[in-house]
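Here's input-v6.pdb, which has PDB, C-alpha atoms:
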```pdb
ATOM      1  CA  MET A  30      65.455 101.333  82.576
ATOM      2  CA  LYS A  31      68.201 103.653  81.426
ATOM      3  CA  VAL A  32      71.654 103.186  82.917
ATOM      4  CA  LEU A  33      73.006 106.628  82.015
ATOM      5  CA  LYS A  34      71.281 110.001  82.143
ATOM      6  CA  ILE A  35      72.296 113.316  80.600
ATOM      7  CA  GLY A  36      73.667 114.569  83.939
ATOM      8  CA  ASP A  37      75.997 111.575  84.139
ATOM      9  CA  PHE A  38      77.647 112.642  80.879
ATOM     10  CA  VAL A  39      77.881 116.283  81.988
ATOM     11  CA  ILE A  40      79.517 115.367  85.317
ATOM     12  CA  ALA A  41      81.803 112.809  83.627
ATOM     13  CA  ILE A  42      83.000 115.394  81.080
ATOM     14  CA  LEU A  43      83.539 118.115  83.721
ATOM     15  CA  SER A  44      85.450 115.672  85.919
ATOM     16  CA  ALA A  45      87.526 114.432  82.986
ATOM     17  CA  VAL A  46      88.488 118.069  82.306
ATOM     18  CA  LEU A  47      89.459 118.482  85.981
ATOM     19  CA  VAL A  48      91.564 115.310  85.853
ATOM     20  CA  SER A  49      93.234 116.494  82.620
ATOM     21  CA  LEU A  50      93.986 119.920  84.132
ATOM     22  CA  SER A  51      95.647 118.233  87.103
ATOM     23  CA  PHE A  52      98.345 116.957  84.728
ATOM     24  CA  LEU A  53      99.421 120.587  84.272
ATOM     25  CA  SER A  54     101.101 120.265  87.671
ATOM     26  CA  TYR A  55     103.848 118.351  85.873
ATOM     27  CA  GLY A  56     104.403 121.258  83.498
ATOM     28  CA  ASN A  57     107.189 123.234  85.195
ATOM     29  CA  LEU A  58     109.493 120.345  85.929
ATOM     30  CA  SER A  59     112.801 120.730  84.188
ATOM     31  CA  GLY A  60     116.478 120.995  85.011
ATOM     32  CA  ASN A  61     118.602 118.677  87.114
ATOM     33  CA  PRO A  62     116.608 116.459  89.445
ATOM     34  CA  THR A  63     116.863 116.971  93.194
ATOM     35  CA  VAL A  64     115.342 114.881  95.946
ATOM     36  CA  HIS A  65     113.051 116.861  98.227
ATOM     37  CA  ILE A  66     112.244 115.271 101.552
ATOM     38  CA  LYS A  67     109.506 116.953 103.580
ATOM     39  CA  SER A  68     108.451 116.188 107.115
ATOM     40  CA  GLY A  69     106.147 118.615 108.860
ATOM     41  CA  ALA A  70     107.557 122.122 108.452
ATOM     42  CA  ASN A  71     111.010 120.830 107.505
ATOM     43  CA  GLU A  72     112.289 120.255 104.013
ATOM     44  CA  TRP A  73     115.632 118.828 102.971
ATOM     45  CA  ILE A  74     116.951 118.956  99.421
ATOM     46  CA  TYR A  75     119.595 116.540  98.151
ATOM     47  CA  ASP A  76     121.360 116.118  94.860
ATOM     48  CA  ILE A  77     120.153 112.851  93.356
ATOM     49  CA  VAL A  78     123.602 112.002  91.958
ATOM     50  CA  GLN A  79     125.217 111.888  95.412
ATOM     51  CA  ASP A  80     124.677 108.605  97.206
ATOM     52  CA  ARG A  81     123.516 108.951 100.802
ATOM     53  CA  THR A  82     121.228 107.574 103.456
ATOM     54  CA  VAL A  83     118.879 109.874 105.371
ATOM     55  CA  SER A  84     116.849 109.016 108.453
ATOM     56  CA  ILE A  85     113.799 111.152 109.202
ATOM     57  CA  SER A  86     111.967 111.058 112.523
ATOM     58  CA  GLY A  87     108.189 111.291 112.423
ATOM     59  CA  PRO A  88     105.116 110.599 114.543
ATOM     60  CA  VAL A  89     105.470 106.792 114.437
ATOM     61  CA  GLY A  90     109.265 106.449 114.351
ATOM     62  CA  SER A  91     111.922 106.703 111.682
ATOM     63  CA  THR A  92     111.798 106.594 107.895
ATOM     64  CA  VAL A  93     115.097 105.706 106.225
ATOM     65  CA  ILE A  94     115.575 107.031 102.704
ATOM     66  CA  GLU A  95     118.431 105.904 100.462
ATOM     67  CA  ILE A  96     119.728 107.746  97.413
ATOM     68  CA  ILE A  97     121.885 105.370  95.347
ATOM     69  CA  ASP A  98     122.876 105.516  91.654
ATOM     70  CA  SER A  99     120.593 108.507  90.944
ATOM     71  CA  ARG A 100     117.585 106.712  92.361
ATOM     72  CA  VAL A 101     115.753 107.092  95.655
ATOM     73  CA  HIS A 102     113.731 104.708  97.782
ATOM     74  CA  VAL A 103     112.510 104.170 101.330
ATOM     75  CA  SER A 104     114.548 101.290 102.733
ATOM     76  CA  HIS A 105     112.923 101.172 106.162
ATOM     77  CA  SER A 106     109.925 102.692 107.896
ATOM     78  CA  ASP A 107     108.427 102.187 111.336
ATOM     79  CA  CYS A 108     104.879 102.596 109.987
ATOM     80  CA  SER A 109     102.580  99.571 109.974
ATOM     81  CA  ASN A 110     101.604  99.368 106.318
ATOM     82  CA  LYS A 111     105.054  99.859 104.721
ATOM     83  CA  VAL A 112     103.371 101.267 101.611
ATOM     84  CA  CYS A 113     106.315 103.666 101.274
ATOM     85  CA  VAL A 114     108.827 100.796 101.309
ATOM     86  CA  ALA A 115     106.729  98.849  98.803
ATOM     87  CA  ALA A 116     106.683 101.876  96.481
ATOM     88  CA  GLY A 117     110.219 100.884  95.404
ATOM     89  CA  TRP A 118     112.817 102.955  93.583
ATOM     90  CA  LYS A 119     112.027 106.323  91.973
ATOM     91  CA  ASP A 120     114.325 108.060  89.501
ATOM     92  CA  SER A 121     112.247 110.440  87.378
ATOM     93  CA  VAL A 122     111.271 114.045  87.935
ATOM     94  CA  GLY A 123     107.722 114.235  89.317
ATOM     95  CA  GLU A 124     107.845 110.832  90.992
ATOM     96  CA  TRP A 125     107.113 110.673  94.703
ATOM     97  CA  ILE A 126     106.842 108.426  97.725
ATOM     98  CA  ILE A 127     104.614 109.213 100.678
ATOM     99  CA  CYS A 128     104.503 107.780 104.158
ATOM    100  CA  LEU A 129     101.352 109.315 105.577
ATOM    101  CA  PRO A 130     101.513 107.701 109.058
ATOM    102  CA  ASN A 131     105.035 109.056 109.570
ATOM    103  CA  ASN A 132     104.368 112.337 107.748
ATOM    104  CA  VAL A 133     107.204 111.978 105.233
ATOM    105  CA  PHE A 134     106.964 113.102 101.612
ATOM    106  CA  VAL A 135     109.759 112.292  99.158
ATOM    107  CA  LEU A 136     109.554 114.052  95.806
ATOM    108  CA  ILE A 137     111.927 114.279  92.853
ATOM    109  CA  GLU A 138     111.768 117.809  91.535
ATOM    110  CA  GLY A 139     113.584 119.205  88.544
ATOM    111  CA  ASP A 140     112.962 122.907  88.752
ATOM    112  CA  ARG A 141     116.018 123.729  90.851
ATOM    113  CA  THR A 142     119.562 123.358  89.608
ATOM    114  CA  PRO A 143     122.007 121.957  92.147
ATOM    115  CA  THR A 144     124.960 124.129  93.054
ATOM    116  CA  PRO A 145     128.462 122.832  92.249
ATOM    117  CA  GLY A 146     129.237 120.095  94.698
ATOM    118  CA  GLY A 147     125.557 119.486  95.250
ATOM    119  CA  ILE A 148     122.950 120.740  97.667
ATOM    120  CA  ASP A 149     122.998 118.940 100.944
ATOM    121  CA  ASP A 150     121.461 119.196 104.363
ATOM    122  CA  THR A 151     119.504 122.332 103.518
ATOM    123  CA  ALA A 152     116.654 122.723 105.984
ATOM    124  CA  PHE A 153     114.063 125.450 105.908
TER     125      PHE A 153
ATOM    126  CA  MET B  16      59.820  98.505 109.035
ATOM    127  CA  THR B  17      58.764 102.102 108.780
ATOM    128  CA  GLN B  18      58.349 104.818 106.249
ATOM    129  CA  HIS B  19      61.352 107.073 105.839
ATOM    130  CA  SER B  20      59.289 109.773 104.229
ATOM    131  CA  ASN B  21      57.989 110.664 107.667
ATOM    132  CA  LYS B  22      60.482 113.174 109.067
ATOM    133  CA  HIS B  23      59.509 112.513 112.673
ATOM    134  CA  HIS B  24      59.952 108.789 112.491
ATOM    135  CA  PRO B  25      62.745 107.111 114.470
ATOM    136  CA  ILE B  26      65.889 105.944 112.732
ATOM    137  CA  ARG B  27      65.651 102.436 111.249
ATOM    138  CA  ILE B  28      68.647 101.017 113.051
ATOM    139  CA  ASP B  29      68.456  97.572 111.438
ATOM    140  CA  LEU B  30      68.618  98.949 107.900
ATOM    141  CA  VAL B  31      71.412 101.411 108.712
ATOM    142  CA  ALA B  32      73.323  98.642 110.505
ATOM    143  CA  LEU B  33      73.038  96.340 107.484
ATOM    144  CA  LEU B  34      74.393  99.007 105.125
ATOM    145  CA  ALA B  35      77.094  99.963 107.661
ATOM    146  CA  ALA B  36      78.133  96.297 107.807
ATOM    147  CA  PHE B  37      78.552  96.400 104.021
ATOM    148  CA  THR B  38      80.792  99.462 104.302
ATOM    149  CA  LEU B  39      82.888  97.660 106.935
ATOM    150  CA  PHE B  40      83.196  94.568 104.727
ATOM    151  CA  LEU B  41      84.056  96.606 101.623
ATOM    152  CA  SER B  42      86.565  98.695 103.620
ATOM    153  CA  THR B  43      88.304  95.444 104.521
ATOM    154  CA  ILE B  44      88.397  94.349 100.876
ATOM    155  CA  GLU B  45      89.706  97.769  99.877
ATOM    156  CA  TYR B  46      92.397  97.637 102.574
ATOM    157  CA  LEU B  47      93.733  94.444 100.967
ATOM    158  CA  ILE B  48      94.314  96.183  97.621
ATOM    159  CA  PRO B  49      97.787  97.777  97.456
ATOM    160  CA  LYS B  50      97.862 101.543  96.816
ATOM    161  CA  PRO B  51     100.719 104.018  96.385
ATOM    162  CA  VAL B  52      99.322 106.371  99.037
ATOM    163  CA  PRO B  53      97.712 105.121 102.258
ATOM    164  CA  PHE B  54      94.734 107.445 102.048
ATOM    165  CA  MET B  55      94.096 106.840  98.359
ATOM    166  CA  ARG B  56      90.766 105.061  98.094
ATOM    167  CA  ILE B  57      89.200 103.110  95.302
ATOM    168  CA  GLY B  58      85.868 103.899  96.903
ATOM    169  CA  LEU B  59      84.415 100.428  97.330
ATOM    170  CA  ALA B  60      83.069 101.435 100.750
ATOM    171  CA  ASN B  61      81.165 104.230  99.032
ATOM    172  CA  LEU B  62      78.878 101.737  97.319
ATOM    173  CA  PRO B  63      76.459 101.323 100.265
ATOM    174  CA  LEU B  64      76.302 105.136 100.569
ATOM    175  CA  MET B  65      75.282 105.344  96.906
ATOM    176  CA  ILE B  66      72.664 102.632  97.209
ATOM    177  CA  ALA B  67      71.356 104.214 100.438
ATOM    178  CA  LEU B  68      70.534 107.492  98.667
ATOM    179  CA  GLY B  69      67.117 106.260  97.585
ATOM    180  CA  ILE B  70      66.395 104.373 100.785
ATOM    181  CA  LEU B  71      67.476 106.348 103.828
ATOM    182  CA  ALA B  72      66.167 109.534 105.426
ATOM    183  CA  PRO B  73      68.665 112.382 106.006
ATOM    184  CA  LYS B  74      69.406 111.439 109.633
ATOM    185  CA  GLU B  75      69.844 107.789 108.720
ATOM    186  CA  TYR B  76      72.137 108.717 105.846
ATOM    187  CA  ALA B  77      74.285 110.897 108.122
ATOM    188  CA  LEU B  78      74.486 108.048 110.636
ATOM    189  CA  LEU B  79      75.574 105.646 107.883
ATOM    190  CA  ALA B  80      78.303 108.083 106.783
ATOM    191  CA  LEU B  81      79.522 108.358 110.392
ATOM    192  CA  LEU B  82      79.570 104.565 110.758
ATOM    193  CA  LYS B  83      81.484 104.265 107.490
ATOM    194  CA  PHE B  84      84.122 106.660 108.810
ATOM    195  CA  LEU B  85      84.389 104.757 112.103
ATOM    196  CA  GLY B  86      84.443 101.379 110.327
ATOM    197  CA  GLN B  87      87.208 102.457 107.954
ATOM    198  CA  GLY B  88      89.208 103.788 110.895
ATOM    199  CA  LEU B  89      88.855 100.478 112.703
ATOM    200  CA  VAL B  90      89.803  98.365 109.684
ATOM    201  CA  THR B  91      92.847 100.451 108.784
ATOM    202  CA  GLY B  92      93.860 101.047 112.410
ATOM    203  CA  THR B  93      94.017 104.802 111.897
ATOM    204  CA  ILE B  94      91.007 105.862 113.922
ATOM    205  CA  PHE B  95      93.068 107.503 116.673
ATOM    206  CA  SER B  96      95.718 109.000 114.377
ATOM    207  CA  TYR B  97      95.638 112.222 112.419
ATOM    208  CA  VAL B  98      95.113 110.109 109.285
ATOM    209  CA  ALA B  99      91.488 109.788 110.426
ATOM    210  CA  LEU B 100      91.081 113.474 109.593
ATOM    211  CA  PHE B 101      91.536 112.626 105.920
ATOM    212  CA  SER B 102      88.937 109.898 106.119
ATOM    213  CA  LEU B 103      86.489 112.162 107.952
ATOM    214  CA  GLY B 104      87.010 114.971 105.444
ATOM    215  CA  SER B 105      86.607 112.744 102.413
ATOM    216  CA  THR B 106      83.583 110.867 103.747
ATOM    217  CA  THR B 107      81.828 114.103 104.714
ATOM    218  CA  ALA B 108      82.571 115.732 101.347
ATOM    219  CA  SER B 109      81.497 112.751  99.301
ATOM    220  CA  ALA B 110      78.374 111.955 101.373
ATOM    221  CA  CYS B 111      77.160 115.578 101.279
ATOM    222  CA  THR B 112      77.882 115.940  97.541
ATOM    223  CA  MET B 113      76.112 112.702  96.644
ATOM    224  CA  TYR B 114      73.173 113.378  98.947
ATOM    225  CA  PHE B 115      72.440 116.877  97.680
ATOM    226  CA  LEU B 116      73.044 115.901  94.053
ATOM    227  CA  TYR B 117      70.566 113.052  94.430
ATOM    228  CA  ARG B 118      67.990 115.199  96.200
ATOM    229  CA  ILE B 119      68.254 118.073  93.721
ATOM    230  CA  GLY B 120      68.983 116.350  90.437
ATOM    231  CA  LYS B 121      67.988 112.706  90.474
ATOM    232  CA  ARG B 122      65.792 113.221  87.417
ATOM    233  CA  TRP B 123      68.844 114.108  85.353
ATOM    234  CA  VAL B 124      71.704 112.410  87.152
ATOM    235  CA  GLY B 125      72.144 108.684  87.748
ATOM    236  CA  MET B 126      74.489 106.717  89.959
ATOM    237  CA  VAL B 127      77.449 107.170  87.594
ATOM    238  CA  GLY B 128      77.291 110.967  87.794
ATOM    239  CA  ILE B 129      76.604 110.906  91.523
ATOM    240  CA  GLY B 130      79.487 108.485  92.086
ATOM    241  CA  ILE B 131      81.932 110.584  90.039
ATOM    242  CA  ALA B 132      80.888 113.794  91.821
ATOM    243  CA  GLY B 133      81.285 112.097  95.208
ATOM    244  CA  ALA B 134      84.705 110.710  94.289
ATOM    245  CA  MET B 135      85.936 114.063  92.968
ATOM    246  CA  ALA B 136      84.709 115.881  96.111
ATOM    247  CA  SER B 137      86.398 113.288  98.297
ATOM    248  CA  ASN B 138      89.694 113.406  96.410
ATOM    249  CA  VAL B 139      89.850 117.192  96.163
ATOM    250  CA  VAL B 140      89.249 117.501  99.932
ATOM    251  CA  GLN B 141      91.991 114.955 100.628
ATOM    252  CA  LEU B 142      94.435 116.713  98.321
ATOM    253  CA  ALA B 143      93.615 120.067  99.921
ATOM    254  CA  LEU B 144      94.123 118.644 103.428
ATOM    255  CA  SER B 145      97.455 117.140 102.344
ATOM    256  CA  ARG B 146      98.460 120.405 100.731
ATOM    257  CA  TYR B 147      97.682 122.653 103.674
ATOM    258  CA  ILE B 148      98.256 120.346 106.655
ATOM    259  CA  LEU B 149     101.122 118.127 105.618
ATOM    260  CA  PHE B 150     103.196 118.403 102.528
ATOM    261  CA  GLY B 151     102.929 121.829 100.919
ATOM    262  CA  PRO B 152     102.726 122.838  97.235
ATOM    263  CA  GLY B 153     104.598 119.778  95.921
ATOM    264  CA  MET B 154     101.561 117.765  96.929
ATOM    265  CA  TRP B 155      99.809 118.757  93.702
ATOM    266  CA  LEU B 156     102.151 116.392  91.861
ATOM    267  CA  ILE B 157     100.245 113.467  93.303
ATOM    268  CA  ALA B 158      96.938 114.883  92.029
ATOM    269  CA  PRO B 159      96.992 113.357  88.502
ATOM    270  CA  PRO B 160      97.225 109.665  89.489
ATOM    271  CA  PHE B 161      95.038 110.298  92.532
ATOM    272  CA  LEU B 162      92.214 111.909  90.526
ATOM    273  CA  THR B 163      92.563 109.503  87.594
ATOM    274  CA  VAL B 164      92.173 106.444  89.817
ATOM    275  CA  GLY B 165      89.251 108.090  91.601
ATOM    276  CA  PHE B 166      87.523 108.949  88.322
ATOM    277  CA  VAL B 167      87.876 105.512  86.729
ATOM    278  CA  THR B 168      86.792 103.580  89.835
ATOM    279  CA  ALA B 169      83.863 105.961  90.354
ATOM    280  CA  VAL B 170      82.577 105.248  86.826
ATOM    281  CA  LEU B 171      82.792 101.489  87.403
ATOM    282  CA  LEU B 172      81.181 101.673  90.852
ATOM    283  CA  GLY B 173      78.494 103.999  89.497
ATOM    284  CA  LEU B 174      77.624 101.550  86.718
ATOM    285  CA  PHE B 175      77.394  98.744  89.269
ATOM    286  CA  ALA B 176      75.256 100.835  91.634
ATOM    287  CA  GLN B 177      72.920 101.847  88.782
ATOM    288  CA  GLN B 178      72.447  98.230  87.763
ATOM    289  CA  PHE B 179      71.761  97.335  91.385
ATOM    290  CA  VAL B 180      69.214 100.118  91.765
ATOM    291  CA  ASN B 181      67.520  99.145  88.490
ATOM    292  CA  ARG B 182      67.335  95.424  89.134
ATOM    293  CA  SER B 183      67.422  94.632  92.847
ATOM    294  CA  VAL B 184      64.165  93.369  94.292
ATOM    295  CA  TRP B 185      65.499  94.092  97.798
ATOM    296  CA  TYR B 186      66.201  97.703  96.840
ATOM    297  CA  LYS B 187      62.745  98.171  95.359
ATOM    298  CA  SER B 188      61.134  96.720  98.496
ATOM    299  CA  LYS B 189      63.099  99.170 100.668
ATOM    300  CA  VAL B 190      62.208 102.141  98.468
ATOM    301  CA  ALA B 191      58.537 101.168  98.584
ATOM    302  CA  SER B 192      58.511 100.522 102.333
TER     303      SER B 192
END
```

Target format structure tokens, applied to this file:
Amino acid sequence: MKVLKIGDFVIAILSAVLVSLSFLSYGNLSGNPTVHIKSGANEWIYDIVQDRTVSISGPVGSTVIEIIDSRVHVSHSDCSNKVCVAAGWKDSVGEWIICLPNNVFVLIEGDRTPTPGGIDDTAF
Amino acid sequence: MTQHSNKHHPIRIDLVALLAAFTLFLSTIEYLIPKPVPFMRIGLANLPLMIALGILAPKEYALLALLKFLGQGLVTGTIFSYVALFSLGSTTASACTMYFLYRIGKRWVGMVGIGIAGAMASNVVQLALSRYILFGPGMWLIAPPFLTVGFVTAVLLGLFAQQFVNRSVWYKSKVAS
């Protein structure tokens, strides 16, 4: 009995195209990296070159994010799985850390240039 | 055991329960595998849903999908959190996609194609929910690894499911019953 049918190839090719197109989302990332922290409707943007520690409150408690030596990581989270803590350090544009239970999304973006002295504590 | 071709026949609870138990077991295995995003799924628990396509009647299949959702929620401890919404959305999308694809195109599409379509539907729904409910436009940056993992695991699971469907004596007995 055949393992693969013609439709399998068609769906595989269409899906492979979809997966390839998804990589276009990396396309507009350039400029100096900034750390975007999102929680619900709030977003904070920090200059990655300025060391700091940020604590975000979410549905299950706090998520502590550290920016040190142009890298970012989640040092503590009150969620049960700690997947965000295990994600480790991120330093490249396009890299991200998510804590779904606590609704926190950390993303390094490069499409915004920091102002002199750095962007800090900008909430909108 | 009864014939599922009869639309008026009662649901075969024992068969649905057996397949639901497999989804619960595979959800547990999947939970043990580390992932960068909590709701990212390899799709192991989808395997019984794929195998069930040729065995279960529509009502039974819907019940199995519901039990899979509840089982995953229990295993991951997210059943009463908003994270369950992601699981419900992805299970519904993938079960409906696979079911209708099988019903309409099983002559041309095998388990690999059905598995990939189900995985893509599931992942796109999860990304859309994340985009519009939680994290905003930046969420699309997680799409490439998310979709790539989903695609690759769906191909592997599809190949396994096809082999199972082709060779399993148990499966053939259930299809014939």

Computed interatomic separation between CA of Gly133 in chain B and CA of Leu41 in chain B (Å):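 Pair CA of Gly133 in chain B / CA of Leu41 in chain B returns 17.0 Å.
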
Expand the PyMOL selection byres ((chain A) within 7 of (chain B)) into the individual residues it matches in the shown file, reporting them as a PDB file with C-alpha atoms, in the frame of the given file.
```pdb
ATOM      1  CA  MET A  30      65.455 101.333  82.576  1.00  0.00           C
ATOM      2  CA  VAL A  32      71.654 103.186  82.917  1.00  0.00           C
ATOM      3  CA  LEU A  33      73.006 106.628  82.015  1.00  0.00           C
ATOM      4  CA  LYS A  34      71.281 110.001  82.143  1.00  0.00           C
ATOM      5  CA  ILE A  35      72.296 113.316  80.600  1.00  0.00           C
ATOM      6  CA  GLY A  36      73.667 114.569  83.939  1.00  0.00           C
ATOM      7  CA  ASP A  37      75.997 111.575  84.139  1.00  0.00           C
ATOM      8  CA  ILE A  40      79.517 115.367  85.317  1.00  0.00           C
ATOM      9  CA  ALA A  41      81.803 112.809  83.627  1.00  0.00           C
ATOM     10  CA  VAL A  48      91.564 115.310  85.853  1.00  0.00           C
ATOM     11  CA  SER A  51      95.647 118.233  87.103  1.00  0.00           C
ATOM     12  CA  PHE A  52      98.345 116.957  84.728  1.00  0.00           C
ATOM     13  CA  SER A  54     101.101 120.265  87.671  1.00  0.00           C
ATOM     14  CA  TYR A  55     103.848 118.351  85.873  1.00  0.00           C
ATOM     15  CA  LYS A  67     109.506 116.953 103.580  1.00  0.00           C
ATOM     16  CA  GLY A  69     106.147 118.615 108.860  1.00  0.00           C
ATOM     17  CA  VAL A 112     103.371 101.267 101.611  1.00  0.00           C
ATOM     18  CA  ALA A 116     106.683 101.876  96.481  1.00  0.00           C
ATOM     19  CA  GLY A 123     107.722 114.235  89.317  1.00  0.00           C
ATOM     20  CA  ILE A 127     104.614 109.213 100.678  1.00  0.00           C
ATOM     21  CA  LEU A 129     101.352 109.315 105.577  1.00  0.00           C
ATOM     22  CA  PRO A 130     101.513 107.701 109.058  1.00  0.00           C
ATOM     23  CA  ASN A 132     104.368 112.337 107.748  1.00  0.00           C
ATOM     24  CA  PHE A 134     106.964 113.102 101.612  1.00  0.00           C
TER      25      PHE A 134
END
```

Counting all atoms listed in the file, the residue of A:His105, A:Asp98, A:Lys31, A:Ile74 that sits nearest Ser86 in chain A: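 Closest to Ser86 in chain A, using all atoms listed in the file: A:His105.
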
Length of the CA of Pro62 in chain A to CA of Leu136 in chain A vector [Å]: 9.8 Å

Kindly reconstruct range 104-121 of chain B with N, CA and C atoms and present the result as a compact mmCIF listing (two decimals), in the coordinates of the input.
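Output file part23.txt follows:
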```
# COMPACT_ATOMS: atom_id res chain seq x y z
N GLY B 104 87.20 113.93 106.45
CA GLY B 104 87.01 114.97 105.44
C GLY B 104 86.46 114.41 104.14
N SER B 105 87.03 113.30 103.70
CA SER B 105 86.61 112.74 102.41
C SER B 105 85.21 112.14 102.50
N THR B 106 84.91 111.47 103.60
CA THR B 106 83.58 110.87 103.75
C THR B 106 82.52 111.95 103.83
N THR B 107 82.79 113.01 104.59
CA THR B 107 81.83 114.10 104.71
C THR B 107 81.60 114.77 103.36
N ALA B 108 82.69 115.06 102.65
CA ALA B 108 82.57 115.73 101.35
C ALA B 108 81.80 114.87 100.36
N SER B 109 82.14 113.59 100.30
CA SER B 109 81.50 112.75 99.30
C SER B 109 80.04 112.47 99.67
N ALA B 110 79.76 112.24 100.96
CA ALA B 110 78.37 111.96 101.37
C ALA B 110 77.48 113.17 101.12
N CYS B 111 77.96 114.36 101.48
CA CYS B 111 77.16 115.58 101.28
C CYS B 111 76.93 115.84 99.78
N THR B 112 78.01 115.71 98.99
CA THR B 112 77.88 115.94 97.54
C THR B 112 76.87 114.98 96.93
N MET B 113 77.01 113.70 97.25
CA MET B 113 76.11 112.70 96.64
C MET B 113 74.68 112.91 97.11
N TYR B 114 74.52 113.22 98.41
CA TYR B 114 73.17 113.38 98.95
C TYR B 114 72.43 114.55 98.29
N PHE B 115 73.11 115.70 98.24
CA PHE B 115 72.44 116.88 97.68
C PHE B 115 72.24 116.76 96.17
N LEU B 116 73.19 116.12 95.50
CA LEU B 116 73.04 115.90 94.05
C LEU B 116 71.84 115.00 93.77
N TYR B 117 71.69 113.97 94.61
CA TYR B 117 70.57 113.05 94.43
C TYR B 117 69.25 113.76 94.73
N ARG B 118 69.23 114.52 95.81
CA ARG B 118 67.99 115.20 96.20
C ARG B 118 67.58 116.26 95.16
N ILE B 119 68.56 116.97 94.63
CA ILE B 119 68.25 118.07 93.72
C ILE B 119 68.10 117.59 92.28
N GLY B 120 68.95 116.64 91.87
CA GLY B 120 68.98 116.35 90.44
C GLY B 120 68.79 114.92 90.02
N LYS B 121 68.07 114.13 90.82
CA LYS B 121 67.99 112.71 90.47
C LYS B 121 67.24 112.44 89.16
```
